[in-house]
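Peer 1: Starting off with a structure, shown below.
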Amino acid sequence: MSRSRPSHRLPAAWRARYRLTPWWGKVFVVWALSRLVTTSLVLVLASVQGPNAWTGARPRYADFATMWDGRWYNIVAMGGYPNVLPVTDTGQIGESAWAFMPGYPVLARLLMELSNLPWAPVAVFVSLAFSLGTALLFYRLMTRVQSPATALFSVVLFCVAPLSPILQFAYAESMYLFFLTLALYLLLERRYWLLFPVIAVMALTRPSGLAFALALGLHVIFRFVTRSRDPFFLRERMLAASVALFSALMGLAWPITAGVVTGDLMAYTDTELAWRAPYIGYQELVPFTAWFQGGVFWLGSVWGIVVVTALILSFVVLLFTPAVRRLGVDLRLWVASYGLYLLAVFFPQSSTFRLLMPMFPLLGAAALPRSRLYRVSIVLLFVAGQWGWLLICWGVDGYDWTPP
């Protein structure tokens, strides 16, 4: 009898090992490999980075990872928020730390005190830790609406997505996405009581309370309308509605805090508007106009309106495609609510890509095709997108008008 060649035994051994690996082990391997790829790309870019406003030439990883808004979070962590708002030469409210919520920098400062380490390594560690936590939670979230295999590939897409480098930079996105994923999981599980503390932290990490409140309100309405086939008892209705109201209040908590501390009720809004002033000047916030203003600024009065209108219609159609519908009602309600929130308040520019990250449940729809060619191609495309985003939005080349 001839012996089986090792090459024939090895795949079977690997398949057996894969089957025996717990779900969290598989997610950890995906996360670790993705961080290795992303870190390599970041180090290559850092090796050719010239002197800039934040670092010298060829900065170390930790310094390179704490540029841009990372400096604002550093300011908050070390000095808090100003009592008096800065004013420009033309008498307008200027940029200040009030645009950056306290969740992430406060946690980083606490770890700095406990570890006696400086800002840069601690900030990167916090982001990395939350990125792993988000990957684990995202798998659990996706298994509520997908098979385990598809859920794992959804995690792959999350970990290699074009914006995934920011998951290991000194930005609040990793921490925010962790609590957002947890909130969505609790919503699908209908553990409404546990949403209170999660929403409180989430809403003080990135602006999201109002968008989540809308998603919760729509969730309550949907459950009430479908109560004949999915019982929605009075006690549960009251609790779910209370969570929605609490989320709305938390969405207003930071603007109110900024107004009370500075004595200017519009402190937070005016501070946020300062970042769009270089594009369209200082203007009042009029809901649902900024995207059309941006369209006109970038493309002209005719094409700007046409393109923005087409984007809105395309987004609505996307929510009703079969792949997205398979994500379930609640995840679609969140994506729709957050999209409406962005349309209401955000001015489109290079940070738009980062602001779209909370729509990451849509990656579950992108993960559905099982073709090996498709899956390999989309992973390679996403990794190429990482390099493109790093070049365009993170690396600094002279006067840079493409902030991440």
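Chain labels run A, B, ... following the order of the structure tokens; each chain numbers its residues from 1, and ligands are numbered from 1 in the order shown.
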Using 12 Å as the limit and counting only C-alpha atoms, can you tabulate each residue of range 125-148 of chain A that touches range 311-328 of chain A, with its shortest atom-to-atom distance in Å and the two atoms involved, as JSON lines?
Peer 2:
```
{"residue": "A:Leu141", "atom": "CA", "partner": "A:Leu327", "partner_atom": "CA", "distance": 10.1}
{"residue": "A:Met142", "atom": "CA", "partner": "A:Leu327", "partner_atom": "CA", "distance": 8.2}
{"residue": "A:Thr143", "atom": "CA", "partner": "A:Leu327", "partner_atom": "CA", "distance": 10.2}
{"residue": "A:Arg144", "atom": "CA", "partner": "A:Leu327", "partner_atom": "CA", "distance": 8.8}
{"residue": "A:Val145", "atom": "CA", "partner": "A:Leu327", "partner_atom": "CA", "distance": 5.7}
{"residue": "A:Gln146", "atom": "CA", "partner": "A:Leu327", "partner_atom": "CA", "distance": 7.7}
{"residue": "A:Ser147", "atom": "CA", "partner": "A:Arg326", "partner_atom": "CA", "distance": 11.4}
```
Peer 1: Apply DSSP to the backbone of this structure and, from range 212-404 of chain A, keep only the residues in alpha helix (DSSP H); write these as a ChimeraX atom specification.
Peer 2: /A:212-225,234-262,267-274,277-280,290-299,301-319,322-325,329-345,352-355,363-366,372-389
Peer 1: With C-alpha atoms kept, could you save the residues just selected as a CSV table (one decimal), in the first residue's frame?
Peer 2:
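The result, written out as again34.csv:
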```
chain,number,residue,atom,x,y,z
A,212,PHE,CA,-29.3,56.5,17.1
A,213,ALA,CA,-32.4,58.0,18.6
A,214,LEU,CA,-34.0,58.2,15.2
A,215,ALA,CA,-33.1,54.5,14.5
A,216,LEU,CA,-34.6,53.5,17.9
A,217,GLY,CA,-37.7,55.6,17.3
A,218,LEU,CA,-38.2,53.8,13.9
A,219,HIS,CA,-37.6,50.5,15.6
A,220,VAL,CA,-40.4,51.2,18.1
A,221,ILE,CA,-42.8,52.2,15.3
A,222,PHE,CA,-41.9,49.1,13.3
A,223,ARG,CA,-42.4,46.8,16.3
A,224,PHE,CA,-45.7,48.4,17.1
A,225,VAL,CA,-47.0,48.1,13.5
A,234,LEU,CA,-46.7,47.7,26.8
A,235,ARG,CA,-43.8,47.5,29.3
A,236,GLU,CA,-41.4,46.7,26.4
A,237,ARG,CA,-42.8,49.6,24.4
A,238,MET,CA,-42.3,52.1,27.2
A,239,LEU,CA,-38.8,50.8,27.8
A,240,ALA,CA,-37.8,51.0,24.1
A,241,ALA,CA,-39.3,54.5,23.8
A,242,SER,CA,-37.4,55.6,26.9
A,243,VAL,CA,-34.1,54.4,25.4
A,244,ALA,CA,-34.9,56.4,22.2
A,245,LEU,CA,-35.6,59.5,24.3
A,246,PHE,CA,-32.5,59.0,26.3
A,247,SER,CA,-30.4,58.7,23.1
A,248,ALA,CA,-31.9,62.0,21.8
A,249,LEU,CA,-31.0,63.7,25.1
A,250,MET,CA,-27.4,62.3,25.0
A,251,GLY,CA,-27.2,63.6,21.4
A,252,LEU,CA,-27.8,67.1,22.8
A,253,ALA,CA,-25.7,66.7,26.0
A,254,TRP,CA,-22.4,67.8,24.5
A,255,PRO,CA,-23.7,70.9,22.7
A,256,ILE,CA,-25.4,71.9,25.9
A,257,THR,CA,-22.2,71.3,27.9
A,258,ALA,CA,-20.2,73.4,25.5
A,259,GLY,CA,-22.8,76.2,25.8
A,260,VAL,CA,-22.9,76.1,29.6
A,261,VAL,CA,-19.1,76.1,30.0
A,262,THR,CA,-18.4,78.9,27.4
A,267,ALA,CA,-20.5,77.1,21.0
A,268,TYR,CA,-20.4,73.5,19.7
A,269,THR,CA,-22.3,74.2,16.4
A,270,ASP,CA,-20.2,77.3,15.6
A,271,THR,CA,-17.0,75.4,16.4
A,272,GLU,CA,-18.0,72.6,14.0
A,273,LEU,CA,-18.8,75.2,11.3
A,274,ALA,CA,-15.4,76.6,11.6
A,277,ALA,CA,-15.3,77.9,6.6
A,278,PRO,CA,-12.2,77.4,4.3
A,279,TYR,CA,-14.5,75.9,1.7
A,280,ILE,CA,-17.6,78.1,1.7
A,290,ALA,CA,-24.7,71.4,3.3
A,291,TRP,CA,-24.5,68.6,0.8
A,292,PHE,CA,-26.0,70.8,-1.9
A,293,GLN,CA,-23.6,73.6,-0.9
A,294,GLY,CA,-20.8,71.1,-1.2
A,295,GLY,CA,-22.0,69.9,-4.5
A,296,VAL,CA,-22.1,73.4,-5.9
A,297,PHE,CA,-18.6,74.1,-4.4
A,298,TRP,CA,-17.0,71.1,-5.9
A,299,LEU,CA,-18.9,70.6,-9.2
A,301,SER,CA,-24.3,74.9,-9.6
A,302,VAL,CA,-25.9,72.5,-12.1
A,303,TRP,CA,-23.8,69.3,-11.8
A,304,GLY,CA,-23.4,69.7,-8.1
A,305,ILE,CA,-27.2,69.6,-7.5
A,306,VAL,CA,-27.6,66.7,-10.0
A,307,VAL,CA,-24.8,64.6,-8.5
A,308,VAL,CA,-26.0,65.1,-4.9
A,309,THR,CA,-29.6,64.3,-5.8
A,310,ALA,CA,-28.4,61.1,-7.6
A,311,LEU,CA,-26.3,60.1,-4.6
A,312,ILE,CA,-29.4,60.5,-2.3
A,313,LEU,CA,-31.6,58.4,-4.7
A,314,SER,CA,-28.9,55.8,-5.1
A,315,PHE,CA,-28.6,55.5,-1.3
A,316,VAL,CA,-32.3,55.0,-0.9
A,317,VAL,CA,-32.3,52.3,-3.7
A,318,LEU,CA,-29.3,50.6,-2.0
A,319,LEU,CA,-31.3,50.1,1.2
A,322,PRO,CA,-31.9,42.1,-1.8
A,323,ALA,CA,-28.4,41.9,-0.3
A,324,VAL,CA,-29.0,44.8,2.0
A,325,ARG,CA,-32.5,43.6,2.9
A,329,VAL,CA,-34.8,45.7,9.5
A,330,ASP,CA,-32.9,47.1,12.5
A,331,LEU,CA,-29.5,47.4,10.8
A,332,ARG,CA,-31.1,49.0,7.8
A,333,LEU,CA,-32.9,51.5,10.0
A,334,TRP,CA,-29.6,52.4,11.6
A,335,VAL,CA,-27.9,52.9,8.2
A,336,ALA,CA,-30.8,55.0,7.0
A,337,SER,CA,-31.0,57.1,10.1
A,338,TYR,CA,-27.2,57.8,10.1
A,339,GLY,CA,-27.4,58.6,6.4
A,340,LEU,CA,-30.2,61.1,7.1
A,341,TYR,CA,-28.1,62.6,10.0
A,342,LEU,CA,-25.1,63.1,7.7
A,343,LEU,CA,-27.3,64.7,5.0
A,344,ALA,CA,-28.7,67.1,7.6
A,345,VAL,CA,-25.5,68.4,9.2
A,352,THR,CA,-16.6,62.2,4.2
A,353,PHE,CA,-15.0,58.7,3.8
A,354,ARG,CA,-14.3,58.6,7.6
A,355,LEU,CA,-17.8,59.9,8.4
A,363,LEU,CA,-20.2,45.2,4.6
A,364,GLY,CA,-22.4,42.3,5.5
A,365,ALA,CA,-24.2,42.7,2.2
A,366,ALA,CA,-20.8,42.9,0.4
A,372,ARG,CA,-13.6,32.8,-4.4
A,373,LEU,CA,-12.6,35.1,-7.2
A,374,TYR,CA,-15.0,37.7,-5.9
A,375,ARG,CA,-13.7,37.4,-2.4
A,376,VAL,CA,-10.1,37.6,-3.2
A,377,SER,CA,-10.7,40.5,-5.6
A,378,ILE,CA,-12.6,42.6,-3.1
A,379,VAL,CA,-10.0,42.0,-0.4
A,380,LEU,CA,-7.2,43.1,-2.8
A,381,LEU,CA,-9.3,46.1,-3.9
A,382,PHE,CA,-9.9,47.1,-0.2
A,383,VAL,CA,-6.2,46.9,0.6
A,384,ALA,CA,-5.4,49.0,-2.5
A,385,GLY,CA,-8.0,51.4,-1.2
A,386,GLN,CA,-6.1,51.6,2.1
A,387,TRP,CA,-3.0,52.7,0.3
A,388,GLY,CA,-5.0,55.2,-1.7
A,389,TRP,CA,-6.6,56.7,1.4
```
Peer 1: Give me the residues near Phe125 in chain A as a list in words, where near means some atom within 10 Å (using only C-alpha atoms) and where sequence neighbours in that chain fewer than 2 positions away do not count.
Peer 2: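 These residues fall inside the cut-off: Ala62, Ala108, Leu111, Trp119, Ala120, Pro121, Val122, Ala123, Ser127, Leu128, Ala129, Phe130, Ser131, Gln168, Phe169 and Ala170 of chain A.
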Peer 1: If we count only C-alpha atoms and set the cut-off at 8 Å, which residues sit around Asn52 in chain A, ignoring sequence neighbours fewer than 4 positions away in its own chain? Please answer as a list in words.
Peer 2: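 Neighbouring residues, sequence-local ones excluded: Gly56, Ala57, Val396, Asp397 and Gly398 of chain A.
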Peer 1: Nearest to Val106 in chain A: which of A:Ala65, A:Leu157, A:Leu33, A:Met175 is it, counting only C-alpha atoms?
Peer 2: A:Met175
Peer 1: Grab the CA of Leu177 in chain A to CA of Val201 in chain A distance for me, in Å with one decimal place.
Peer 2: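 The value is 11.3 Å.
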Peer 1: Between CA of Pro105 in chain A and CA of Gly80 in chain A, what is the spacing in Å?
Peer 2: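 Separating CA of Gly80 in chain A from CA of Pro105 in chain A is a distance of 9.1 Å.
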